[in-house]
Amino acid sequence: MQNELKEDKWYHGISRYQWLVLTIASLGWVFDVFEGQIFVASMNEAMPSLVSPDTTRGQQALYNNIALGAFLIGGALGGIGFGALSDRIGRKKTMSLTILFYSFFTCLSAFSQDWWQLAGFRFLVALGVGGEWAVASTLVAESFPPKARARVGSIFHASSVLGTYLAILAGAFIIGNESIQEYAREVGYPSLPWRIGFALGVVPSFLIIWIRRSLKEPDSWQHAQEASQTDASKSMGTILDLFLPQYLKSTCIGVLLAAVGLATFWGVHIYGKNVFLNAVKAEYVAEFIQTHPDSPAEATATYLGSMKAPLKQWEMLGMFLATTGGGLGLLSFGPICEWFGRRGAFFLFHVGGLLSSLLLFNGLHSVVLIGCFLPIFGFLTLGMHAGYAIYFPELYPTRLRGTGTGFCFNAGRILAAPILFIGGWMQKDWNYTLSQTATILSMLYIIGAILPFFARETKGTELME
């Protein structure tokens, strides 16, 4: 009886090599996310240093959103291109190329001299970032049996939290470090802290050595490669094949799910820390006015300026709280989609994302309450992203798996990018507050909750050959 129970465990029978695949794929994703999140952790310092002093906050918000939008578009093109390439030349070679790409251009971002240069580098970084996820998630799905696929898919995607933690550490202890800031001012280069943060992006390139020495191509890919050489109808990595009648519906639903998730991530989730920071600022201001009741408004602004370092620590704490909750949500998606199915899990997380966003951006004002709620907000607004790594590879045969997975996730980026531009314009030209903008964009979760009713359920099925 005990042996039977043991065999039911999802991790029973997993080999050392399979764990190695998960570890390497996850590390690539960790650094992938770091390259994306280092901008989020530093944009309040980087963008002001790259524009003229008379640039308004609304204009800065627009430039930040343009950079975020450029990142989404670059990720889309990279994910689609590198995803298709991985079906043609293999997962191992393509993963090495994507990591080299995002490491090199993140490091180059440190040398930006104008906002449009930083936005351009974000586009180039994203080419590698989008491609790495498509290849790694496909590799993980092909390396594990059906009973383990949902769990390892969640573990793989949840490793992204470690990348965000690295960005938080860089934000708190490098970008927000008082000693480094003081040194930067003394040498006449106040933008040095955030530039160091970006320069760290070169580190992941060393992971390529491990990939080249340790990984091999999945057997399923090698068999598909052999079949493609004898049967023209089984060609590898053909994007147009995603729109054949048997795949069209799945492709459209996958793209729309990713679009909702990515638009709400960049337009809603990342601003949880800003709500927390604004509440902290309000308390600082209230305390200052109480002790200096006759001070002019300029004095209050000067006081907040002098508190830049501690405020950065508070901002990073907010980011940490939301990210920690998000990581738990990503880990939970695997078991939840085994209990309720892929469709049920997507529905539950989108409904939860909507409700938690409405509450955070409109109903909470206390620093303590917001801090306690941020992990719940992160759990519900980020958890569904693990579903992309689990669900998308299950929709396609081996010859199209990298192409289809990359296309769904990254075509979603293309659809999400204009939404971010609209979010920037709402704050710049239409005078919406950040909370109002995030509230409006959170309505996208309604679409995400409806889509699963039209999706194909893949729980417990074998991957298509």
# chains A, B, ... in the order shown; residues from 1 in each chain; ligands from 1
$ residues_around --residues "Phe409 (chain A)" --least-positions-apart "6" --cutoff "10 Å" --atoms "only C-alpha atoms" --output "PDB file with N, CA and C atoms, in the first residue's frame"
ATOM      1  N   GLY A  75      10.040  41.715 -26.777  1.00  0.00           N
ATOM      2  CA  GLY A  75       9.836  40.362 -26.257  1.00  0.00           C
ATOM      3  C   GLY A  75       8.970  39.533 -27.183  1.00  0.00           C
ATOM      4  N   ALA A  76       7.982  40.178 -27.787  1.00  0.00           N
ATOM      5  CA  ALA A  76       7.089  39.475 -28.708  1.00  0.00           C
ATOM      6  C   ALA A  76       7.852  38.975 -29.929  1.00  0.00           C
ATOM      7  N   GLY A  79      10.410  36.307 -28.833  1.00  0.00           N
ATOM      8  CA  GLY A  79       9.782  35.043 -28.463  1.00  0.00           C
ATOM      9  C   GLY A  79       9.292  34.266 -29.663  1.00  0.00           C
ATOM     10  N   ILE A  80       8.691  34.979 -30.609  1.00  0.00           N
ATOM     11  CA  ILE A  80       8.194  34.309 -31.822  1.00  0.00           C
ATOM     12  C   ILE A  80       9.365  33.810 -32.660  1.00  0.00           C
ATOM     13  N   GLY A 130      12.170  37.432 -24.294  1.00  0.00           N
ATOM     14  CA  GLY A 130      11.004  36.718 -24.826  1.00  0.00           C
ATOM     15  C   GLY A 130      11.382  35.360 -25.384  1.00  0.00           C
ATOM     16  N   TRP A 133      12.176  32.521 -22.508  1.00  0.00           N
ATOM     17  CA  TRP A 133      11.006  31.896 -21.883  1.00  0.00           C
ATOM     18  C   TRP A 133      10.386  30.849 -22.803  1.00  0.00           C
ATOM     19  N   ALA A 134      10.252  31.185 -24.079  1.00  0.00           N
ATOM     20  CA  ALA A 134       9.622  30.258 -25.018  1.00  0.00           C
ATOM     21  C   ALA A 134      10.403  28.954 -25.103  1.00  0.00           C
ATOM     22  N   THR A 251      -4.573  28.683 -30.628  1.00  0.00           N
ATOM     23  CA  THR A 251      -3.630  29.783 -30.820  1.00  0.00           C
ATOM     24  C   THR A 251      -4.261  31.118 -30.429  1.00  0.00           C
ATOM     25  N   GLY A 254      -4.747  31.263 -26.630  1.00  0.00           N
ATOM     26  CA  GLY A 254      -3.452  31.422 -25.974  1.00  0.00           C
ATOM     27  C   GLY A 254      -2.933  32.840 -26.071  1.00  0.00           C
ATOM     28  N   VAL A 255      -3.026  33.429 -27.254  1.00  0.00           N
ATOM     29  CA  VAL A 255      -2.566  34.809 -27.451  1.00  0.00           C
ATOM     30  C   VAL A 255      -3.356  35.775 -26.561  1.00  0.00           C
ATOM     31  N   LEU A 256      -4.666  35.611 -26.514  1.00  0.00           N
ATOM     32  CA  LEU A 256      -5.506  36.519 -25.726  1.00  0.00           C
ATOM     33  C   LEU A 256      -5.258  36.358 -24.221  1.00  0.00           C
ATOM     34  N   LEU A 257      -5.062  35.125 -23.757  1.00  0.00           N
ATOM     35  CA  LEU A 257      -4.740  34.914 -22.341  1.00  0.00           C
ATOM     36  C   LEU A 257      -3.440  35.620 -21.981  1.00  0.00           C
ATOM     37  N   ALA A 258      -2.427  35.472 -22.838  1.00  0.00           N
ATOM     38  CA  ALA A 258      -1.138  36.119 -22.581  1.00  0.00           C
ATOM     39  C   ALA A 258      -1.265  37.635 -22.637  1.00  0.00           C
ATOM     40  N   ALA A 259      -2.059  38.155 -23.576  1.00  0.00           N
ATOM     41  CA  ALA A 259      -2.233  39.604 -23.697  1.00  0.00           C
ATOM     42  C   ALA A 259      -2.843  40.191 -22.430  1.00  0.00           C
ATOM     43  N   GLY A 261      -2.753  38.835 -19.400  1.00  0.00           N
ATOM     44  CA  GLY A 261      -1.799  38.685 -18.312  1.00  0.00           C
ATOM     45  C   GLY A 261      -0.675  39.695 -18.368  1.00  0.00           C
ATOM     46  N   LEU A 262      -0.133  39.943 -19.555  1.00  0.00           N
ATOM     47  CA  LEU A 262       0.998  40.862 -19.691  1.00  0.00           C
ATOM     48  C   LEU A 262       0.564  42.318 -19.561  1.00  0.00           C
ATOM     49  N   HIS A 385       0.203  33.539 -14.527  1.00  0.00           N
ATOM     50  CA  HIS A 385       1.316  33.506 -15.473  1.00  0.00           C
ATOM     51  C   HIS A 385       1.977  32.131 -15.524  1.00  0.00           C
ATOM     52  N   TYR A 388       0.780  29.838 -18.336  1.00  0.00           N
ATOM     53  CA  TYR A 388       1.276  29.933 -19.709  1.00  0.00           C
ATOM     54  C   TYR A 388       2.366  28.891 -19.956  1.00  0.00           C
ATOM     55  N   ALA A 389       3.249  28.701 -18.963  1.00  0.00           N
ATOM     56  CA  ALA A 389       4.320  27.713 -19.096  1.00  0.00           C
ATOM     57  C   ALA A 389       3.780  26.293 -19.059  1.00  0.00           C
ATOM     58  N   PHE A 392       0.452  26.343 -22.626  1.00  0.00           N
ATOM     59  CA  PHE A 392       0.785  26.580 -24.024  1.00  0.00           C
ATOM     60  C   PHE A 392       1.548  25.417 -24.670  1.00  0.00           C
TER      61      PHE A 392
END
$ closest_atom_pairs --of "region 435-464 of chain A" --to "region 359-379 of chain A" --cutoff "12 Å" --atoms "only C-alpha atoms" --output "JSON lines"
{"residue": "A:Ser435", "atom": "CA", "partner": "A:Phe361", "partner_atom": "CA", "distance": 5.2}
{"residue": "A:Gln436", "atom": "CA", "partner": "A:Phe361", "partner_atom": "CA", "distance": 7.5}
{"residue": "A:Thr437", "atom": "CA", "partner": "A:Phe361", "partner_atom": "CA", "distance": 9.4}
{"residue": "A:Ala438", "atom": "CA", "partner": "A:Phe361", "partner_atom": "CA", "distance": 7.3}
{"residue": "A:Thr439", "atom": "CA", "partner": "A:Phe361", "partner_atom": "CA", "distance": 6.5}
{"residue": "A:Ile440", "atom": "CA", "partner": "A:Phe361", "partner_atom": "CA", "distance": 10.2}
{"residue": "A:Leu441", "atom": "CA", "partner": "A:Phe361", "partner_atom": "CA", "distance": 11.4}
{"residue": "A:Ser442", "atom": "CA", "partner": "A:Phe361", "partner_atom": "CA", "distance": 10.0}
$ residues_around --residues "Met95 (chain A)" --least-positions-apart "3" --cutoff "6 Å" --atoms "only C-alpha atoms" --output "list in words"
Lys92, Thr98 and Glu132 of chain A
$ write_last_selection --atoms "N, CA, C and O atoms" --output "JSON list (two decimals), in the first residue's frame"
[["chain", "number", "residue", "atom", "x", "y", "z"],
["A", 92, "LYS", "N", 18.71, 23.63, -27.01],
["A", 92, "LYS", "CA", 19.98, 23.94, -26.34],
["A", 92, "LYS", "C", 20.69, 25.14, -26.99],
["A", 92, "LYS", "O", 21.07, 26.09, -26.31],
["A", 98, "THR", "N", 19.66, 33.20, -26.68],
["A", 98, "THR", "CA", 18.77, 34.17, -26.03],
["A", 98, "THR", "C", 19.42, 34.77, -24.78],
["A", 98, "THR", "O", 19.30, 35.97, -24.53],
["A", 132, "GLU", "N", 13.99, 33.42, -24.48],
["A", 132, "GLU", "CA", 14.42, 32.47, -23.46],
["A", 132, "GLU", "C", 13.23, 31.77, -22.83],
["A", 132, "GLU", "O", 13.26, 30.55, -22.62]]
$ closest_residue --among "A:Ser15, A:Ser96, A:Thr381, A:Asn274" --to "Gly448 (chain A)" --atoms "only C-alpha atoms"
A:Thr381
$ atom_distance --atom1 "CA of Leu415 (chain A)" --atom2 "CA of Leu62 (chain A)"
18.0 Å
$ residues_around --residues "Met316 (chain A)" --least-positions-apart "5" --cutoff "12 Å" --atoms "only C-alpha atoms" --output "JSON, numbers by chain"
{"A": [37, 38, 40, 41, 42, 44, 164, 165, 166, 167, 168, 169, 170, 171, 172, 173, 174, 175, 176, 177, 270, 271, 272, 273, 274, 276, 277, 309, 310, 311, 321, 322, 323, 324, 371]}
$ write_last_selection --atoms "C-alpha atoms" --output "PDB file, in the first residue's frame"
ATOM      1  CA  GLN A  37      12.624  43.970 -13.486  1.00  0.00           C
ATOM      2  CA  ILE A  38      15.826  45.990 -13.063  1.00  0.00           C
ATOM      3  CA  VAL A  40      11.023  48.584 -12.857  1.00  0.00           C
ATOM      4  CA  ALA A  41      13.289  48.868  -9.798  1.00  0.00           C
ATOM      5  CA  SER A  42      15.200  51.815 -11.231  1.00  0.00           C
ATOM      6  CA  ASN A  44      12.080  56.380 -10.937  1.00  0.00           C
ATOM      7  CA  THR A 164      12.625  40.012  -9.115  1.00  0.00           C
ATOM      8  CA  TYR A 165      14.284  39.576  -5.710  1.00  0.00           C
ATOM      9  CA  LEU A 166      17.663  40.182  -7.362  1.00  0.00           C
ATOM     10  CA  ALA A 167      16.276  43.375  -8.919  1.00  0.00           C
ATOM     11  CA  ILE A 168      14.900  44.415  -5.521  1.00  0.00           C
ATOM     12  CA  LEU A 169      18.295  43.825  -3.903  1.00  0.00           C
ATOM     13  CA  ALA A 170      19.948  45.873  -6.641  1.00  0.00           C
ATOM     14  CA  GLY A 171      17.340  48.601  -6.138  1.00  0.00           C
ATOM     15  CA  ALA A 172      17.679  48.661  -2.356  1.00  0.00           C
ATOM     16  CA  PHE A 173      21.418  48.174  -1.904  1.00  0.00           C
ATOM     17  CA  ILE A 174      22.923  49.646  -5.080  1.00  0.00           C
ATOM     18  CA  ILE A 175      20.468  52.072  -6.672  1.00  0.00           C
ATOM     19  CA  GLY A 176      19.083  53.199  -3.294  1.00  0.00           C
ATOM     20  CA  ASN A 177      22.381  52.948  -1.395  1.00  0.00           C
ATOM     21  CA  ILE A 270       3.858  46.471 -10.920  1.00  0.00           C
ATOM     22  CA  TYR A 271       2.084  49.535  -9.504  1.00  0.00           C
ATOM     23  CA  GLY A 272       1.181  47.787  -6.271  1.00  0.00           C
ATOM     24  CA  LYS A 273       4.495  49.034  -4.878  1.00  0.00           C
ATOM     25  CA  ASN A 274       3.631  52.586  -5.955  1.00  0.00           C
ATOM     26  CA  PHE A 276       2.461  51.454  -0.940  1.00  0.00           C
ATOM     27  CA  LEU A 277       5.094  54.140  -1.604  1.00  0.00           C
ATOM     28  CA  ALA A 309      17.154  56.875   0.085  1.00  0.00           C
ATOM     29  CA  PRO A 310      14.682  55.732   2.798  1.00  0.00           C
ATOM     30  CA  LEU A 311      11.774  56.166   0.381  1.00  0.00           C
ATOM     31  CA  LEU A 321       5.753  42.018  -0.636  1.00  0.00           C
ATOM     32  CA  ALA A 322       3.882  41.911  -3.965  1.00  0.00           C
ATOM     33  CA  THR A 323       6.552  39.686  -5.512  1.00  0.00           C
ATOM     34  CA  THR A 324       6.507  37.234  -2.601  1.00  0.00           C
ATOM     35  CA  GLY A 371       1.529  46.246   3.286  1.00  0.00           C
TER      36      GLY A 371
END
$ closest_residue --among "A:Phe34, A:Trp221, A:Trp10, A:Phe421" --to "Gly201 (chain A)" --atoms "only C-alpha atoms"
A:Phe34
$ closest_residue --among "A:Gly13, A:Gly163, A:Gly318, A:Pro452" --to "Ile253 (chain A)" --atoms "only C-alpha atoms"
A:Pro452
$ residues_around --residues "Ile447 (chain A)" --least-positions-apart "3" --cutoff "10 Å" --atoms "only C-alpha atoms" --output "PyMOL selection string"
chain A and resi 256-257+260+347+350-351+443-444+450-452
$ write_last_selection --atoms "all heavy atoms" --output "PDB file, in the first residue's frame"
ATOM      1  N   LEU A 256      -4.666  35.611 -26.514  1.00  0.00           N
ATOM      2  CA  LEU A 256      -5.506  36.519 -25.726  1.00  0.00           C
ATOM      3  C   LEU A 256      -5.258  36.358 -24.221  1.00  0.00           C
ATOM      4  O   LEU A 256      -5.235  37.351 -23.477  1.00  0.00           O
ATOM      5  CB  LEU A 256      -6.979  36.290 -26.056  1.00  0.00           C
ATOM      6  CG  LEU A 256      -7.412  36.739 -27.457  1.00  0.00           C
ATOM      7  CD1 LEU A 256      -8.853  36.319 -27.731  1.00  0.00           C
ATOM      8  CD2 LEU A 256      -7.258  38.246 -27.620  1.00  0.00           C
ATOM      9  N   LEU A 257      -5.062  35.125 -23.757  1.00  0.00           N
ATOM     10  CA  LEU A 257      -4.740  34.914 -22.341  1.00  0.00           C
ATOM     11  C   LEU A 257      -3.440  35.620 -21.981  1.00  0.00           C
ATOM     12  O   LEU A 257      -3.338  36.288 -20.940  1.00  0.00           O
ATOM     13  CB  LEU A 257      -4.609  33.416 -22.046  1.00  0.00           C
ATOM     14  CG  LEU A 257      -5.898  32.620 -21.861  1.00  0.00           C
ATOM     15  CD1 LEU A 257      -5.587  31.128 -21.779  1.00  0.00           C
ATOM     16  CD2 LEU A 257      -6.651  33.071 -20.605  1.00  0.00           C
ATOM     17  N   VAL A 260      -3.860  39.527 -21.904  1.00  0.00           N
ATOM     18  CA  VAL A 260      -4.483  39.995 -20.661  1.00  0.00           C
ATOM     19  C   VAL A 260      -3.475  39.946 -19.520  1.00  0.00           C
ATOM     20  O   VAL A 260      -3.319  40.906 -18.753  1.00  0.00           O
ATOM     21  CB  VAL A 260      -5.718  39.139 -20.318  1.00  0.00           C
ATOM     22  CG1 VAL A 260      -6.215  39.456 -18.907  1.00  0.00           C
ATOM     23  CG2 VAL A 260      -6.830  39.385 -21.328  1.00  0.00           C
ATOM     24  N   PHE A 347      -9.679  30.802 -14.683  1.00  0.00           N
ATOM     25  CA  PHE A 347     -10.870  31.557 -14.288  1.00  0.00           C
ATOM     26  C   PHE A 347     -10.725  32.109 -12.865  1.00  0.00           C
ATOM     27  O   PHE A 347     -10.959  33.305 -12.620  1.00  0.00           O
ATOM     28  CB  PHE A 347     -12.108  30.674 -14.383  1.00  0.00           C
ATOM     29  CG  PHE A 347     -13.356  31.300 -13.828  1.00  0.00           C
ATOM     30  CD1 PHE A 347     -14.066  32.243 -14.564  1.00  0.00           C
ATOM     31  CD2 PHE A 347     -13.815  30.968 -12.555  1.00  0.00           C
ATOM     32  CE1 PHE A 347     -15.209  32.845 -14.039  1.00  0.00           C
ATOM     33  CE2 PHE A 347     -14.956  31.548 -12.026  1.00  0.00           C
ATOM     34  CZ  PHE A 347     -15.658  32.492 -12.776  1.00  0.00           C
ATOM     35  N   HIS A 350      -8.102  35.020 -12.571  1.00  0.00           N
ATOM     36  CA  HIS A 350      -8.504  36.288 -13.199  1.00  0.00           C
ATOM     37  C   HIS A 350      -9.578  37.005 -12.369  1.00  0.00           C
ATOM     38  O   HIS A 350      -9.531  38.227 -12.222  1.00  0.00           O
ATOM     39  CB  HIS A 350      -8.999  36.047 -14.629  1.00  0.00           C
ATOM     40  CG  HIS A 350      -7.885  35.836 -15.608  1.00  0.00           C
ATOM     41  ND1 HIS A 350      -7.537  34.597 -16.080  1.00  0.00           N
ATOM     42  CD2 HIS A 350      -7.018  36.706 -16.188  1.00  0.00           C
ATOM     43  CE1 HIS A 350      -6.522  34.703 -16.920  1.00  0.00           C
ATOM     44  NE2 HIS A 350      -6.191  35.980 -17.001  1.00  0.00           N
ATOM     45  N   VAL A 351     -10.520  36.251 -11.835  1.00  0.00           N
ATOM     46  CA  VAL A 351     -11.533  36.867 -10.964  1.00  0.00           C
ATOM     47  C   VAL A 351     -10.866  37.435  -9.715  1.00  0.00           C
ATOM     48  O   VAL A 351     -11.158  38.563  -9.283  1.00  0.00           O
ATOM     49  CB  VAL A 351     -12.617  35.838 -10.577  1.00  0.00           C
ATOM     50  CG1 VAL A 351     -13.541  36.407  -9.506  1.00  0.00           C
ATOM     51  CG2 VAL A 351     -13.428  35.443 -11.809  1.00  0.00           C
ATOM     52  N   MET A 443      -9.858  46.052 -15.553  1.00  0.00           N
ATOM     53  CA  MET A 443     -11.066  45.500 -16.171  1.00  0.00           C
ATOM     54  C   MET A 443     -10.730  44.418 -17.207  1.00  0.00           C
ATOM     55  O   MET A 443     -11.582  43.612 -17.586  1.00  0.00           O
ATOM     56  CB  MET A 443     -11.872  46.620 -16.861  1.00  0.00           C
ATOM     57  CG  MET A 443     -12.434  47.675 -15.915  1.00  0.00           C
ATOM     58  SD  MET A 443     -13.590  47.011 -14.693  1.00  0.00           S
ATOM     59  CE  MET A 443     -12.640  47.236 -13.196  1.00  0.00           C
ATOM     60  N   LEU A 444      -9.458  44.396 -17.647  1.00  0.00           N
ATOM     61  CA  LEU A 444      -9.033  43.355 -18.587  1.00  0.00           C
ATOM     62  C   LEU A 444      -9.141  41.960 -17.977  1.00  0.00           C
ATOM     63  O   LEU A 444      -9.258  40.956 -18.698  1.00  0.00           O
ATOM     64  CB  LEU A 444      -7.589  43.618 -19.030  1.00  0.00           C
ATOM     65  CG  LEU A 444      -7.369  44.855 -19.916  1.00  0.00           C
ATOM     66  CD1 LEU A 444      -5.883  45.160 -20.045  1.00  0.00           C
ATOM     67  CD2 LEU A 444      -7.996  44.643 -21.294  1.00  0.00           C
ATOM     68  N   ILE A 450     -13.346  35.150 -18.890  1.00  0.00           N
ATOM     69  CA  ILE A 450     -14.288  34.605 -19.878  1.00  0.00           C
ATOM     70  C   ILE A 450     -13.599  33.611 -20.831  1.00  0.00           C
ATOM     71  O   ILE A 450     -14.175  32.584 -21.200  1.00  0.00           O
ATOM     72  CB  ILE A 450     -14.931  35.754 -20.684  1.00  0.00           C
ATOM     73  CG1 ILE A 450     -15.811  36.614 -19.764  1.00  0.00           C
ATOM     74  CG2 ILE A 450     -15.754  35.207 -21.850  1.00  0.00           C
ATOM     75  CD1 ILE A 450     -16.336  37.881 -20.426  1.00  0.00           C
ATOM     76  N   LEU A 451     -12.361  33.889 -21.204  1.00  0.00           N
ATOM     77  CA  LEU A 451     -11.660  33.088 -22.204  1.00  0.00           C
ATOM     78  C   LEU A 451     -11.598  31.587 -21.893  1.00  0.00           C
ATOM     79  O   LEU A 451     -11.765  30.757 -22.808  1.00  0.00           O
ATOM     80  CB  LEU A 451     -10.230  33.627 -22.392  1.00  0.00           C
ATOM     81  CG  LEU A 451     -10.110  34.935 -23.181  1.00  0.00           C
ATOM     82  CD1 LEU A 451      -8.678  35.469 -23.097  1.00  0.00           C
ATOM     83  CD2 LEU A 451     -10.510  34.714 -24.636  1.00  0.00           C
ATOM     84  N   PRO A 452     -11.359  31.172 -20.629  1.00  0.00           N
ATOM     85  CA  PRO A 452     -11.252  29.719 -20.366  1.00  0.00           C
ATOM     86  C   PRO A 452     -12.477  28.907 -20.758  1.00  0.00           C
ATOM     87  O   PRO A 452     -12.364  27.707 -21.034  1.00  0.00           O
ATOM     88  CB  PRO A 452     -11.028  29.663 -18.848  1.00  0.00           C
ATOM     89  CG  PRO A 452     -10.399  30.976 -18.505  1.00  0.00           C
ATOM     90  CD  PRO A 452     -11.035  31.956 -19.439  1.00  0.00           C
TER      91      PRO A 452
END
$ residues_around --residues "Leu85 (chain A)" --least-positions-apart "2" --cutoff "9 Å" --atoms "only C-alpha atoms" --output "JSON, numbers by chain"
{"A": [80, 81, 82, 83, 87, 88, 89, 90, 91, 94, 236, 237, 402, 403]}
$ closest_residue --among "A:Ala416, A:Ser160, A:Gln246, A:Tyr284" --to "Gly329 (chain A)" --atoms "only C-alpha atoms"
A:Ser160
$ residues_around --residues "region 337-345 of chain A" --least-positions-apart "6" --cutoff "8 Å" --atoms "only C-alpha atoms" --output "list in words"
Ala150, Met384, Gly387, Tyr391, Pro452, Phe453, Ala455, Arg456, Glu457, Thr458 and Lys459 of chain A
$ closest_residue --among "A:Leu395, A:Ile180, A:Gln290, A:Ala126" --to "Gly69 (chain A)" --atoms "only C-alpha atoms"
A:Ala126
$ closest_residue --among "A:Ile99, A:Val33, A:Met426, A:Ile414" --to "Ile211 (chain A)" --atoms "only C-alpha atoms"
A:Ile99
$ atom_distance --atom1 "CA of Thr138 (chain A)" --atom2 "CA of Arg401 (chain A)"
6.6 Å
